[in-house]
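Take a look at the structure set out below.
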Amino acid sequence: MKVLAITVVVLAVLFTAVDRIAVHYADKEVTQLAKEKYGYANTTDGHLDLSIKGFPFLTQVAGGTLDHVTLDAGRFLVDSTTNARGGYLHIERLHLDLNGVTVNSLTARSAEANLATGTLTLSYKELSGAVTRLVGGGGPLTVSKASGSSGQAAHIKISGTAGGKAVNGTGTLLAQAGELTLNIPGIERENLAWSVGLPSGADFTAARADEDGVEVSIVGHQVNLGSSRY
């Protein structure tokens, strides 16, 4: 009985070790795929971490479904929809919780999440920089919090000078259909917009201005992880 008990313990330890090695390898592989597919961590100081949760991992793989996968990316950039010079915008942080991930095909690198929830965070510093670069014709413009955020529109205060005119009012950052669109009061030009690569089936559902920046909520059902909005 003692020998049997020792054998069971040894096998359990070996299985756990193999399971953790396998999930570590899978994390690295899927992280690399996400980098290539969606362009997250596309800057020198950008980062991306994808983690497969739950134990045992090998049992989940054998069943074809992963219970919970998280994705955290930060300091990557998205370009303006008009590809204007200097129109890039740094994304402070993107977090996604993917639940019920079904691996449809290993060879085609295709998977689908039953439910995806998450947040995208924009700092006022980066918004201020992007607005200043794109509007031009004056001093720096400063973006800060304003009250009145509702639904998918976050209200923000924009102040400074542009085109020789003083700018001091409340603008709107609208998060909708995979795009972030910024309306600047007192500026006679098209709204500024940036496309964010989200997995097909996931979309922005709400936006609000917090003390440190704008936080955008993301929700999706039957999210296809094999394609993006790009």
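Chain lettering (A, B, ...) mirrors the order of the structure tokens, residue numbering begins at 1 for each chain separately, and ligand numbering begins at 1 in order of display.
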*asked:* Report as number ranges by chain all protein, DNA and RNA residues lying within 10 Å of stretch 94-102 of chain A, evaluated on only C-alpha atoms, omitting residues in the same chain fewer than 4 positions from it.
replied: A: 40, 48-53, 60-61, 63-76, 110-122, 215-225
Expected file contents, prior selection, N, CA and C atoms, as a short mmCIF file (atom, residue, chain, number, x, y, z; two decimals), in the first residue's frame:
```
data_model
loop_
_atom_site.label_atom_id
_atom_site.label_comp_id
_atom_site.auth_asym_id
_atom_site.auth_seq_id
_atom_site.Cartn_x
_atom_site.Cartn_y
_atom_site.Cartn_z
N TYR A 40 -1.30 43.98 -31.47
CA TYR A 40 -1.07 44.42 -30.10
C TYR A 40 0.43 44.32 -29.81
N LEU A 48 2.24 42.28 -24.39
CA LEU A 48 1.07 41.43 -24.58
C LEU A 48 1.27 40.15 -23.78
N ASP A 49 0.28 39.81 -22.99
CA ASP A 49 0.34 38.58 -22.22
C ASP A 49 -0.99 37.85 -22.35
N LEU A 50 -0.93 36.63 -22.81
CA LEU A 50 -2.13 35.81 -22.94
C LEU A 50 -1.96 34.60 -22.02
N SER A 51 -2.95 34.36 -21.18
CA SER A 51 -2.83 33.30 -20.19
C SER A 51 -4.05 32.38 -20.22
N ILE A 52 -3.78 31.08 -20.29
CA ILE A 52 -4.83 30.06 -20.27
C ILE A 52 -5.02 29.63 -18.81
N LYS A 53 -6.21 29.83 -18.27
CA LYS A 53 -6.47 29.53 -16.88
C LYS A 53 -7.02 28.11 -16.72
N GLN A 60 -8.59 19.93 -20.57
CA GLN A 60 -9.37 20.91 -21.32
C GLN A 60 -9.10 20.78 -22.82
N VAL A 61 -7.82 20.62 -23.16
CA VAL A 61 -7.45 20.47 -24.58
C VAL A 61 -8.08 19.22 -25.16
N GLY A 63 -10.80 17.88 -24.33
CA GLY A 63 -12.23 18.12 -24.52
C GLY A 63 -12.54 19.17 -25.57
N GLY A 64 -11.50 19.86 -26.06
CA GLY A 64 -11.70 20.85 -27.12
C GLY A 64 -12.19 22.20 -26.65
N THR A 65 -12.26 22.42 -25.31
CA THR A 65 -12.76 23.70 -24.79
C THR A 65 -11.89 24.17 -23.63
N LEU A 66 -11.50 25.43 -23.69
CA LEU A 66 -10.75 26.06 -22.60
C LEU A 66 -11.72 26.90 -21.79
N ASP A 67 -11.71 26.71 -20.49
CA ASP A 67 -12.69 27.39 -19.64
C ASP A 67 -12.52 28.90 -19.63
N HIS A 68 -11.29 29.36 -19.48
CA HIS A 68 -11.06 30.79 -19.28
C HIS A 68 -9.68 31.19 -19.80
N VAL A 69 -9.67 32.18 -20.69
CA VAL A 69 -8.42 32.70 -21.25
C VAL A 69 -8.42 34.21 -21.06
N THR A 70 -7.31 34.77 -20.60
CA THR A 70 -7.22 36.22 -20.45
C THR A 70 -6.17 36.80 -21.39
N LEU A 71 -6.42 38.01 -21.86
CA LEU A 71 -5.48 38.72 -22.71
C LEU A 71 -5.27 40.12 -22.14
N ASP A 72 -4.02 40.47 -21.91
CA ASP A 72 -3.66 41.81 -21.43
C ASP A 72 -2.62 42.40 -22.36
N ALA A 73 -2.92 43.56 -22.93
CA ALA A 73 -1.99 44.24 -23.82
C ALA A 73 -1.92 45.71 -23.40
N GLY A 74 -0.79 46.34 -23.69
CA GLY A 74 -0.66 47.74 -23.33
C GLY A 74 0.39 48.45 -24.14
N ARG A 75 0.24 49.76 -24.20
CA ARG A 75 1.18 50.62 -24.91
C ARG A 75 1.36 50.26 -26.38
N PHE A 76 0.30 49.75 -27.01
CA PHE A 76 0.35 49.55 -28.46
C PHE A 76 -0.38 50.71 -29.11
N SER A 110 -7.92 28.32 -35.47
CA SER A 110 -9.23 28.92 -35.32
C SER A 110 -9.85 28.54 -33.99
N ALA A 111 -10.47 29.53 -33.33
CA ALA A 111 -11.13 29.27 -32.06
C ALA A 111 -12.27 30.26 -31.88
N GLU A 112 -13.21 29.90 -31.01
CA GLU A 112 -14.37 30.76 -30.77
C GLU A 112 -14.67 30.80 -29.27
N ALA A 113 -14.90 32.01 -28.75
CA ALA A 113 -15.23 32.19 -27.34
C ALA A 113 -16.72 32.39 -27.19
N ASN A 114 -17.32 31.67 -26.27
CA ASN A 114 -18.75 31.80 -26.03
C ASN A 114 -19.09 33.21 -25.52
N LEU A 115 -18.21 33.75 -24.67
CA LEU A 115 -18.43 35.08 -24.11
C LEU A 115 -17.10 35.79 -23.94
N ALA A 116 -17.07 37.06 -24.35
CA ALA A 116 -15.88 37.90 -24.17
C ALA A 116 -16.29 39.19 -23.49
N THR A 117 -15.60 39.55 -22.44
CA THR A 117 -15.82 40.83 -21.77
C THR A 117 -14.46 41.46 -21.51
N GLY A 118 -14.45 42.79 -21.44
CA GLY A 118 -13.17 43.44 -21.20
C GLY A 118 -13.27 44.94 -21.18
N THR A 119 -12.11 45.58 -21.07
CA THR A 119 -12.03 47.03 -21.05
C THR A 119 -10.83 47.51 -21.85
N LEU A 120 -10.97 48.69 -22.41
CA LEU A 120 -9.88 49.37 -23.11
C LEU A 120 -9.71 50.72 -22.42
N THR A 121 -8.47 51.06 -22.05
CA THR A 121 -8.21 52.28 -21.31
C THR A 121 -7.36 53.24 -22.11
N LEU A 122 -7.78 54.50 -22.17
CA LEU A 122 -7.06 55.58 -22.85
C LEU A 122 -6.65 56.62 -21.82
N GLU A 215 -12.36 54.95 -19.99
CA GLU A 215 -12.45 53.49 -19.97
C GLU A 215 -13.62 53.05 -20.84
N VAL A 216 -13.33 52.15 -21.77
CA VAL A 216 -14.32 51.66 -22.72
C VAL A 216 -14.60 50.19 -22.44
N SER A 217 -15.88 49.83 -22.32
CA SER A 217 -16.26 48.44 -22.06
C SER A 217 -16.41 47.67 -23.37
N ILE A 218 -16.05 46.39 -23.32
CA ILE A 218 -16.12 45.52 -24.48
C ILE A 218 -16.92 44.27 -24.12
N VAL A 219 -17.85 43.89 -24.98
CA VAL A 219 -18.64 42.67 -24.78
C VAL A 219 -18.82 41.98 -26.12
N GLY A 220 -18.82 40.66 -26.11
CA GLY A 220 -19.07 39.92 -27.34
C GLY A 220 -19.58 38.52 -27.04
N HIS A 221 -20.43 38.00 -27.91
CA HIS A 221 -20.93 36.63 -27.79
C HIS A 221 -20.56 35.87 -29.07
N GLN A 222 -20.18 34.62 -28.90
CA GLN A 222 -19.74 33.80 -30.03
C GLN A 222 -18.66 34.54 -30.81
N VAL A 223 -17.62 34.90 -30.10
CA VAL A 223 -16.54 35.72 -30.65
C VAL A 223 -15.54 34.84 -31.41
N ASN A 224 -15.32 35.16 -32.68
CA ASN A 224 -14.41 34.41 -33.52
C ASN A 224 -13.01 34.96 -33.33
N LEU A 225 -12.14 34.14 -32.77
CA LEU A 225 -10.78 34.58 -32.49
C LEU A 225 -9.85 34.38 -33.67
#
```
Can you list, as an mmCIF file with N, CA and C atoms, in the first residue's frame, every protein, DNA or RNA residue that comes within 12 Å of stretch 191-197 of chain A when you count only C-alpha atoms, leaving out same-chain residues fewer than 5 positions away?
```
data_model
loop_
_atom_site.group_PDB
_atom_site.id
_atom_site.type_symbol
_atom_site.label_atom_id
_atom_site.label_comp_id
_atom_site.auth_asym_id
_atom_site.auth_seq_id
_atom_site.Cartn_x
_atom_site.Cartn_y
_atom_site.Cartn_z
ATOM 1 N N ALA A 34 -1.561 36.191 -31.407
ATOM 2 C CA ALA A 34 -2.315 37.416 -31.153
ATOM 3 C C ALA A 34 -1.519 38.643 -31.578
ATOM 4 N N LYS A 35 -0.223 38.628 -31.353
ATOM 5 C CA LYS A 35 0.635 39.735 -31.788
ATOM 6 C C LYS A 35 0.584 39.896 -33.300
ATOM 7 N N GLU A 36 0.683 38.774 -34.002
ATOM 8 C CA GLU A 36 0.687 38.808 -35.460
ATOM 9 C C GLU A 36 -0.678 39.198 -36.024
ATOM 10 N N LYS A 37 -1.755 38.710 -35.389
ATOM 11 C CA LYS A 37 -3.096 38.894 -35.930
ATOM 12 C C LYS A 37 -3.648 40.283 -35.667
ATOM 13 N N TYR A 38 -3.479 40.779 -34.456
ATOM 14 C CA TYR A 38 -4.159 42.011 -34.075
ATOM 15 C C TYR A 38 -3.243 43.210 -33.909
ATOM 16 N N GLY A 39 -1.952 43.028 -33.975
ATOM 17 C CA GLY A 39 -1.046 44.159 -33.883
ATOM 18 C C GLY A 39 -0.859 44.702 -32.486
ATOM 19 N N TYR A 40 -1.298 43.977 -31.468
ATOM 20 C CA TYR A 40 -1.070 44.415 -30.101
ATOM 21 C C TYR A 40 0.432 44.320 -29.812
ATOM 22 N N PHE A 76 0.302 49.748 -27.010
ATOM 23 C CA PHE A 76 0.352 49.551 -28.458
ATOM 24 C C PHE A 76 -0.381 50.713 -29.106
ATOM 25 N N LEU A 77 -0.177 50.906 -30.390
ATOM 26 C CA LEU A 77 -0.792 52.058 -31.028
ATOM 27 C C LEU A 77 -1.739 51.658 -32.150
ATOM 28 N N VAL A 78 -2.724 52.518 -32.372
ATOM 29 C CA VAL A 78 -3.643 52.376 -33.499
ATOM 30 C C VAL A 78 -3.547 53.673 -34.309
ATOM 31 N N ASP A 79 -3.724 53.560 -35.616
ATOM 32 C CA ASP A 79 -3.596 54.726 -36.476
ATOM 33 C C ASP A 79 -4.965 55.349 -36.725
ATOM 34 N N SER A 80 -4.960 56.599 -37.133
ATOM 35 C CA SER A 80 -6.217 57.265 -37.471
ATOM 36 C C SER A 80 -6.803 56.626 -38.722
ATOM 37 N N THR A 81 -8.114 56.684 -38.865
ATOM 38 C CA THR A 81 -8.765 56.077 -40.025
ATOM 39 C C THR A 81 -8.385 56.789 -41.320
ATOM 40 N N THR A 82 -7.924 58.032 -41.212
ATOM 41 C CA THR A 82 -7.492 58.776 -42.405
ATOM 42 C C THR A 82 -5.998 58.621 -42.647
ATOM 43 N N ASN A 83 -5.337 57.855 -41.768
ATOM 44 C CA ASN A 83 -3.892 57.654 -41.853
ATOM 45 C C ASN A 83 -3.134 58.974 -41.889
ATOM 46 N N ALA A 84 -3.648 59.968 -41.157
ATOM 47 C CA ALA A 84 -3.007 61.279 -41.120
ATOM 48 C C ALA A 84 -1.641 61.174 -40.468
ATOM 49 N N GLY A 87 -1.058 60.739 -36.717
ATOM 50 C CA GLY A 87 -2.403 60.464 -36.237
ATOM 51 C C GLY A 87 -2.531 59.266 -35.319
ATOM 52 N N TYR A 88 -1.417 58.682 -34.954
ATOM 53 C CA TYR A 88 -1.462 57.492 -34.098
ATOM 54 C C TYR A 88 -1.950 57.833 -32.693
ATOM 55 N N LEU A 89 -2.481 56.827 -32.028
ATOM 56 C CA LEU A 89 -2.953 56.960 -30.654
ATOM 57 C C LEU A 89 -2.491 55.744 -29.864
ATOM 58 N N HIS A 90 -1.800 55.976 -28.762
ATOM 59 C CA HIS A 90 -1.373 54.879 -27.901
ATOM 60 C C HIS A 90 -2.541 54.394 -27.046
ATOM 61 N N ILE A 91 -2.725 53.085 -27.011
ATOM 62 C CA ILE A 91 -3.711 52.468 -26.124
ATOM 63 C C ILE A 91 -3.002 52.114 -24.820
ATOM 64 N N LEU A 94 -5.444 47.147 -22.753
ATOM 65 C CA LEU A 94 -6.572 46.362 -23.246
ATOM 66 C C LEU A 94 -6.613 45.065 -22.456
ATOM 67 N N LEU A 120 -10.972 48.691 -22.405
ATOM 68 C CA LEU A 120 -9.884 49.369 -23.107
ATOM 69 C C LEU A 120 -9.708 50.725 -22.424
ATOM 70 N N LEU A 127 -4.307 61.047 -25.247
ATOM 71 C CA LEU A 127 -5.350 61.734 -26.008
ATOM 72 C C LEU A 127 -4.954 63.176 -26.296
ATOM 73 N N ALA A 130 -2.353 63.193 -29.116
ATOM 74 C CA ALA A 130 -2.928 62.898 -30.432
ATOM 75 C C ALA A 130 -3.718 64.083 -30.958
ATOM 76 N N VAL A 131 -4.516 64.706 -30.100
ATOM 77 C CA VAL A 131 -5.316 65.861 -30.515
ATOM 78 C C VAL A 131 -4.417 67.019 -30.920
ATOM 79 N N THR A 132 -3.362 67.264 -30.157
ATOM 80 C CA THR A 132 -2.436 68.358 -30.471
ATOM 81 C C THR A 132 -1.767 68.135 -31.810
ATOM 82 N N ARG A 133 -1.327 66.903 -32.082
ATOM 83 C CA ARG A 133 -0.662 66.599 -33.351
ATOM 84 C C ARG A 133 -1.606 66.757 -34.535
ATOM 85 N N LEU A 134 -2.844 66.304 -34.395
ATOM 86 C CA LEU A 134 -3.767 66.287 -35.525
ATOM 87 C C LEU A 134 -4.416 67.637 -35.794
ATOM 88 N N VAL A 135 -4.693 68.407 -34.763
ATOM 89 C CA VAL A 135 -5.350 69.704 -34.963
ATOM 90 C C VAL A 135 -4.335 70.742 -35.410
ATOM 91 N N GLY A 171 -15.968 67.964 -25.254
ATOM 92 C CA GLY A 171 -16.032 67.139 -26.447
ATOM 93 C C GLY A 171 -16.570 65.761 -26.101
ATOM 94 N N THR A 172 -16.689 64.931 -27.106
ATOM 95 C CA THR A 172 -17.242 63.587 -26.925
ATOM 96 C C THR A 172 -16.341 62.551 -27.569
ATOM 97 N N LEU A 173 -16.019 61.524 -26.812
ATOM 98 C CA LEU A 173 -15.312 60.374 -27.367
ATOM 99 C C LEU A 173 -16.323 59.243 -27.490
ATOM 100 N N LEU A 174 -16.674 58.901 -28.729
ATOM 101 C CA LEU A 174 -17.666 57.863 -28.991
ATOM 102 C C LEU A 174 -16.968 56.553 -29.323
ATOM 103 N N ALA A 175 -17.330 55.492 -28.599
ATOM 104 C CA ALA A 175 -16.767 54.163 -28.827
ATOM 105 C C ALA A 175 -17.852 53.289 -29.441
ATOM 106 N N GLN A 176 -17.715 52.989 -30.730
ATOM 107 C CA GLN A 176 -18.787 52.274 -31.438
ATOM 108 C C GLN A 176 -18.236 51.591 -32.677
ATOM 109 N N ALA A 177 -18.712 50.377 -32.934
ATOM 110 C CA ALA A 177 -18.361 49.632 -34.148
ATOM 111 C C ALA A 177 -16.857 49.531 -34.359
ATOM 112 N N GLY A 178 -16.136 49.243 -33.273
ATOM 113 C CA GLY A 178 -14.693 49.058 -33.387
ATOM 114 C C GLY A 178 -13.909 50.323 -33.631
ATOM 115 N N GLU A 179 -14.549 51.480 -33.485
ATOM 116 C CA GLU A 179 -13.869 52.755 -33.694
ATOM 117 C C GLU A 179 -14.009 53.678 -32.493
ATOM 118 N N LEU A 180 -12.990 54.511 -32.312
ATOM 119 C CA LEU A 180 -13.012 55.576 -31.317
ATOM 120 C C LEU A 180 -13.061 56.887 -32.083
ATOM 121 N N THR A 181 -14.154 57.635 -31.925
ATOM 122 C CA THR A 181 -14.344 58.885 -32.669
ATOM 123 C C THR A 181 -14.406 60.055 -31.703
ATOM 124 N N LEU A 182 -13.569 61.053 -31.956
ATOM 125 C CA LEU A 182 -13.461 62.192 -31.051
ATOM 126 C C LEU A 182 -13.977 63.464 -31.715
ATOM 127 N N ASN A 183 -14.925 64.105 -31.049
ATOM 128 C CA ASN A 183 -15.455 65.391 -31.494
ATOM 129 C C ASN A 183 -14.850 66.491 -30.625
ATOM 130 N N ILE A 184 -14.271 67.503 -31.281
ATOM 131 C CA ILE A 184 -13.621 68.588 -30.558
ATOM 132 C C ILE A 184 -14.425 69.869 -30.738
ATOM 133 N N PRO A 185 -14.877 70.500 -29.671
ATOM 134 C CA PRO A 185 -15.671 71.723 -29.795
ATOM 135 C C PRO A 185 -14.849 72.891 -30.332
ATOM 136 N N GLY A 186 -15.466 73.663 -31.231
ATOM 137 C CA GLY A 186 -14.805 74.855 -31.751
ATOM 138 C C GLY A 186 -13.808 74.602 -32.853
ATOM 139 N N ALA A 202 -16.909 40.858 -31.097
ATOM 140 C CA ALA A 202 -16.742 41.702 -29.908
ATOM 141 C C ALA A 202 -16.854 43.160 -30.321
ATOM 142 N N ASP A 203 -17.429 43.979 -29.453
ATOM 143 C CA ASP A 203 -17.600 45.394 -29.784
ATOM 144 C C ASP A 203 -17.625 46.244 -28.522
ATOM 145 N N PHE A 204 -17.459 47.551 -28.720
ATOM 146 C CA PHE A 204 -17.562 48.495 -27.616
ATOM 147 C C PHE A 204 -19.026 48.645 -27.209
ATOM 148 N N VAL A 216 -13.332 52.149 -21.772
ATOM 149 C CA VAL A 216 -14.323 51.660 -22.724
ATOM 150 C C VAL A 216 -14.603 50.190 -22.435
ATOM 151 N N ILE A 218 -16.049 46.393 -23.321
ATOM 152 C CA ILE A 218 -16.118 45.516 -24.485
ATOM 153 C C ILE A 218 -16.915 44.268 -24.121
ATOM 154 N N LEU A 225 -12.136 34.137 -32.767
ATOM 155 C CA LEU A 225 -10.778 34.579 -32.486
ATOM 156 C C LEU A 225 -9.849 34.381 -33.675
ATOM 157 N N SER A 227 -10.333 35.863 -36.631
ATOM 158 C CA SER A 227 -10.396 37.005 -37.539
ATOM 159 C C SER A 227 -10.564 38.270 -36.726
ATOM 160 N N SER A 228 -10.193 39.406 -37.325
ATOM 161 C CA SER A 228 -10.323 40.688 -36.647
ATOM 162 C C SER A 228 -11.058 41.659 -37.550
ATOM 163 N N ARG A 229 -11.270 42.886 -37.042
ATOM 164 C CA ARG A 229 -11.956 43.913 -37.827
ATOM 165 C C ARG A 229 -11.032 44.561 -38.853
ATOM 166 N N TYR A 230 -9.752 44.267 -38.812
ATOM 167 C CA TYR A 230 -8.822 44.864 -39.772
ATOM 168 C C TYR A 230 -9.062 44.250 -41.141
#
```
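Minimum distance to A:Thr142 across A:Ala154, A:Val103, A:Ala162, A:Ala209 (counting only C-alpha atoms) occurs at A:Ala162.
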*Please indicate the distance in Å from atom CA of A:Leu141 to atom CA of A:Ser123, rounded to one decimal place.*
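Computing the Euclidean distance for atom CA of A:Leu141 and atom CA of A:Ser123 yields 14.1 Å.
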*Please, which residues of stretch 67-193 of chain A, numbered as in this document, come out strand (DSSP E) from DSSP, as a ChimeraX atom specification?*
/A:67-78,89-105,110-123,142-145,153-162,165-176,179-183,192-193
*Which distance in Å separates atom CA of A:Arg208 and atom CA of A:Arg85, to one decimal?*
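Distance reported for this atom pair: 27.8 Å.
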*Using only C-alpha atoms, which of the listed residues (A:Thr205, A:Asp212, A:Val167, A:His47) sits closest to A:Glu126?*
A:Asp212
*Separation of atom CA of A:Glu92 and atom CA of A:Leu198, in Å?*
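So the answer is 15.4 Å.
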*Extract the full set of alpha helix (DSSP H) residues from stretch 55-190 of chain A according to DSSP on the backbone, and format it as a list in words.*
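Here is the list: Phe57, Leu58, Thr59, Gln60, Val61, Ala62, Gly63, Tyr124, Lys125, Glu126, Leu127, Ser128, Gly129, Ala130, Val131, Thr132, Arg133, Leu134 and Val135 of chain A.
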Which residues are near A:Gly151? Cut-off 7 Å, only C-alpha atoms, ignore same chain within fewer than 2 positions. Put them as a CSV table (one decimal) with N, CA and C atoms, in the first residue's frame.
```
chain,number,residue,atom,x,y,z
A,149,SER,N,-20.9,61.6,-19.0
A,149,SER,CA,-20.8,60.4,-19.9
A,149,SER,C,-22.1,59.6,-19.9
A,153,ALA,N,-20.8,57.1,-25.2
A,153,ALA,CA,-20.2,58.5,-25.4
A,153,ALA,C,-19.6,59.0,-24.1
A,206,ALA,N,-19.8,50.6,-24.0
A,206,ALA,CA,-20.0,51.7,-23.1
A,206,ALA,C,-18.7,52.5,-23.0
A,207,ALA,N,-18.7,53.8,-22.6
A,207,ALA,CA,-17.5,54.6,-22.4
A,207,ALA,C,-17.8,55.6,-21.3
```
